[in-house]
file data05.tsv (TSV, C-alpha atoms)
chain	number	residue	atom	x	y	z
A	1	MET	CA	7.69	-7.49	-57.48
A	2	ASP	CA	8.72	-4.07	-58.75
A	3	THR	CA	11.39	-1.94	-57.10
A	4	ASP	CA	9.59	1.40	-57.36
A	5	ASP	CA	7.33	2.74	-54.60
A	6	GLU	CA	4.27	0.92	-55.92
A	7	LEU	CA	3.86	-2.57	-54.55
A	8	ARG	CA	2.86	-5.04	-57.25
A	9	ILE	CA	2.78	-8.75	-56.65
A	10	HIS	CA	2.77	-10.62	-59.93
A	11	ALA	CA	1.07	-14.00	-60.39
A	12	PRO	CA	4.19	-16.19	-60.06
A	13	HIS	CA	5.19	-14.36	-56.87
A	14	ARG	CA	1.65	-14.60	-55.48
A	15	GLU	CA	1.56	-18.33	-56.16
A	16	LEU	CA	4.91	-18.89	-54.46
A	17	LEU	CA	3.99	-16.79	-51.42
A	18	ASP	CA	0.65	-18.60	-51.14
A	19	GLN	CA	2.49	-21.92	-51.13
A	20	ILE	CA	5.22	-20.95	-48.67
A	21	LEU	CA	3.07	-18.91	-46.28
A	22	ASP	CA	-0.03	-21.11	-46.30
A	23	LYS	CA	-1.75	-22.51	-43.23
A	24	TRP	CA	0.70	-25.37	-42.53
A	25	SER	CA	3.96	-24.51	-44.29
A	26	LEU	CA	5.37	-22.27	-41.56
A	27	SER	CA	4.68	-24.92	-38.92
A	28	VAL	CA	6.36	-27.58	-41.06
A	29	LEU	CA	9.34	-25.34	-41.76
A	30	ASN	CA	9.62	-24.49	-38.08
A	31	GLU	CA	9.91	-28.19	-37.24
A	32	LEU	CA	12.33	-28.95	-40.07
A	33	CYS	CA	14.59	-26.02	-39.15
A	34	GLU	CA	15.23	-27.82	-35.85
A	35	ARG	CA	16.01	-31.24	-37.33
A	36	PRO	CA	15.11	-33.62	-40.16
A	37	CYS	CA	11.86	-35.46	-39.45
A	38	ARG	CA	9.93	-38.45	-40.62
A	39	PHE	CA	6.37	-37.90	-41.79
A	40	ASN	CA	4.81	-39.24	-38.57
A	41	GLU	CA	7.15	-37.13	-36.44
A	42	LEU	CA	5.79	-34.08	-38.25
A	43	ARG	CA	2.22	-35.28	-37.67
A	44	ARG	CA	2.89	-35.61	-33.95
A	45	ALA	CA	4.63	-32.22	-33.80
A	46	ILE	CA	1.70	-30.53	-35.60
A	47	PRO	CA	-1.33	-32.48	-34.33
A	48	GLN	CA	-3.91	-30.20	-35.95
A	49	VAL	CA	-2.76	-31.01	-39.50
A	50	THR	CA	-4.44	-33.86	-41.35
A	51	GLN	CA	-2.42	-36.49	-43.19
A	52	LYS	CA	-3.74	-35.20	-46.51
A	53	SER	CA	-2.85	-31.57	-45.73
A	54	LEU	CA	0.61	-32.48	-44.46
A	55	THR	CA	1.30	-34.55	-47.59
A	56	ALA	CA	0.17	-31.69	-49.85
A	57	THR	CA	2.22	-29.15	-47.88
A	58	LEU	CA	5.38	-31.25	-48.04
A	59	ARG	CA	4.93	-31.84	-51.78
A	60	ARG	CA	4.53	-28.08	-52.44
A	61	LEU	CA	7.59	-27.26	-50.35
A	62	GLU	CA	9.58	-29.97	-52.09
A	63	ARG	CA	8.46	-28.76	-55.53
A	64	ASN	CA	9.66	-25.25	-54.66
A	65	GLY	CA	13.07	-26.52	-53.53
A	66	VAL	CA	12.50	-25.62	-49.88
A	67	VAL	CA	12.30	-29.17	-48.50
A	68	GLU	CA	13.94	-32.37	-49.66
A	69	ARG	CA	12.57	-35.87	-49.29
A	70	GLU	CA	14.80	-38.88	-48.75
A	71	VAL	CA	13.62	-42.47	-48.84
A	72	VAL	CA	15.51	-44.41	-46.18
A	73	SER	CA	15.86	-48.10	-46.92
A	74	THR	CA	14.83	-49.54	-43.60
A	75	ARG	CA	12.13	-52.03	-42.77
A	76	PRO	CA	9.57	-50.68	-43.13
A	77	VAL	CA	10.76	-48.08	-45.63
A	78	ALA	CA	10.86	-44.61	-44.09
A	79	VAL	CA	10.76	-41.15	-45.61
A	80	MET	CA	12.84	-38.38	-44.05
A	81	TYR	CA	12.20	-34.69	-44.73
A	82	ARG	CA	14.73	-31.93	-44.21
A	83	ILE	CA	14.93	-28.28	-45.07
A	84	THR	CA	17.29	-27.47	-47.93
A	85	PRO	CA	20.04	-24.84	-47.76
A	86	PHE	CA	17.79	-22.76	-50.05
A	87	GLY	CA	14.88	-23.28	-47.65
A	88	LYS	CA	17.00	-21.99	-44.78
A	89	THR	CA	17.21	-18.64	-46.57
A	90	LEU	CA	13.53	-18.14	-45.70
A	91	ARG	CA	14.40	-17.81	-42.01
A	92	ASP	CA	15.34	-14.11	-42.09
A	93	PRO	CA	12.31	-12.84	-44.06
A	94	VAL	CA	9.95	-14.94	-41.94
A	95	ASP	CA	11.57	-13.61	-38.76
A	96	VAL	CA	11.04	-10.06	-40.05
A	97	LEU	CA	7.34	-10.78	-40.69
A	98	LEU	CA	6.93	-12.32	-37.23
A	99	ALA	CA	8.67	-9.35	-35.58
A	100	TRP	CA	6.41	-6.96	-37.51
A	101	ALA	CA	3.34	-8.91	-36.37
A	102	ALA	CA	4.49	-8.92	-32.74
A	103	GLN	CA	5.27	-5.20	-32.79
A	104	ASN	CA	1.97	-4.28	-34.43
A	105	MET	CA	-0.40	-6.71	-32.74
A	106	PRO	CA	-1.97	-4.07	-30.44
A	107	THR	CA	-2.74	-1.89	-33.47
A	108	ILE	CA	-4.11	-4.87	-35.37
A	109	GLU	CA	-6.31	-5.91	-32.43
A	110	ARG	CA	-7.73	-2.36	-32.17
A	111	ALA	CA	-8.42	-2.31	-35.90
A	112	ARG	CA	-10.21	-5.67	-35.67
A	113	GLU	CA	-12.30	-4.51	-32.73
A	114	ASP	CA	-13.23	-1.28	-34.56
A	115	PHE	CA	-14.16	-3.25	-37.68
A	116	ASP	CA	-16.26	-5.74	-35.70
A	117	ARG	CA	-18.11	-2.90	-33.92
A	118	ARG	CA	-18.89	-1.24	-37.26
A	119	GLU	CA	-20.07	-4.56	-38.71
A	120	GLU	CA	-22.36	-5.18	-35.73
A	121	ALA	CA	-23.75	-1.63	-35.96
A	122	ASP	CA	-24.60	-2.19	-39.64
A	123	LEU	CA	-26.72	-5.25	-38.80
call {"tool": "encode", "arguments": {"input": "data05.tsv", "output": "structure tokens"}}
result
Amino acid sequence: MDTDDELRIHAPHRELLDQILDKWSLSVLNELCERPCRFNELRRAIPQVTQKSLTATLRRLERNGVVEREVVSTRPVAVMYRITPFGKTLRDPVDVLLAWAAQNMPTIERAREDFDRREEADL
């Protein structure tokens, strides 16, 4: 991203933001910020996510250095996921985005309603 007044999101940044802010990543990170979790603990904590989507989300977060995976030699073998120190640095920017959304939700709702009315009128 450039530092001048023009906002430009370059391809590598866009890819990273898509991976970190996708449908399930924030829910996974929210759980892992509280404590390390096994895969099935995450599934129970986020019941809407499918096994396939959770696996893909965890792999993307691990690839980006945000989450680490540890194989625990128990019977049966278990896999533990935890947020990395680097991953914890996402907390502040995510909190800023959530605060912005909370502060601006009435404006966003009005904009959505106006848009929907215009769309219906065009039909």
call {"tool": "closest_residue", "arguments": {"input": "data05.tsv", "among": "A:Trp24, A:Pro93, A:Val67, A:Arg8", "to": "A:Thr50", "atoms": "all atoms listed in the file"}}
result
A:Trp24
call {"tool": "atom_distance", "arguments": {"input": "data05.tsv", "atom1": "atom CA of A:Gly65", "atom2": "atom CA of A:Arg38"}}
result
17.9 Å
call {"tool": "closest_residue", "arguments": {"input": "data05.tsv", "among": "A:Ala45, A:Glu119, A:Glu31, A:Thr55", "to": "A:Ile83", "atoms": "only C-alpha atoms"}}
result
A:Glu31
call {"tool": "atom_distance", "arguments": {"input": "data05.tsv", "atom1": "atom CA of A:Arg35", "atom2": "atom CA of A:Thr84"}}
result
11.3 Å
call {"tool": "atom_distance", "arguments": {"input": "data05.tsv", "atom1": "atom CA of A:Ile20", "atom2": "atom CA of A:Glu68"}}
result
14.4 Å
call {"tool": "closest_residue", "arguments": {"input": "data05.tsv", "among": "A:Asn64, A:Thr57, A:Thr74, A:Gln51", "to": "A:Leu26", "atoms": "only C-alpha atoms"}}
result
A:Thr57
call {"tool": "residues_near_point", "arguments": {"input": "data05.tsv", "point": "(7.2, -36.3, -36.2)", "cutoff": "12 Å", "atoms": "only C-alpha atoms", "output": "count of residues only"}}
result
25
call {"tool": "closest_residue", "arguments": {"input": "data05.tsv", "among": "A:Leu21, A:Ile9, A:Leu123, A:Val77", "to": "A:Arg60", "atoms": "only C-alpha atoms"}}
result
A:Leu21
call {"tool": "axis_aligned_box", "arguments": {"input": "data05.tsv", "around": "stretch 15-34 of chain A", "padding_each_side": "8 Å", "output": "JSON"}}
result
{"center_x": 6.7, "center_y": -22.9, "center_z": -46.0, "size_x": 33.0, "size_y": 28.2, "size_z": 36.3}
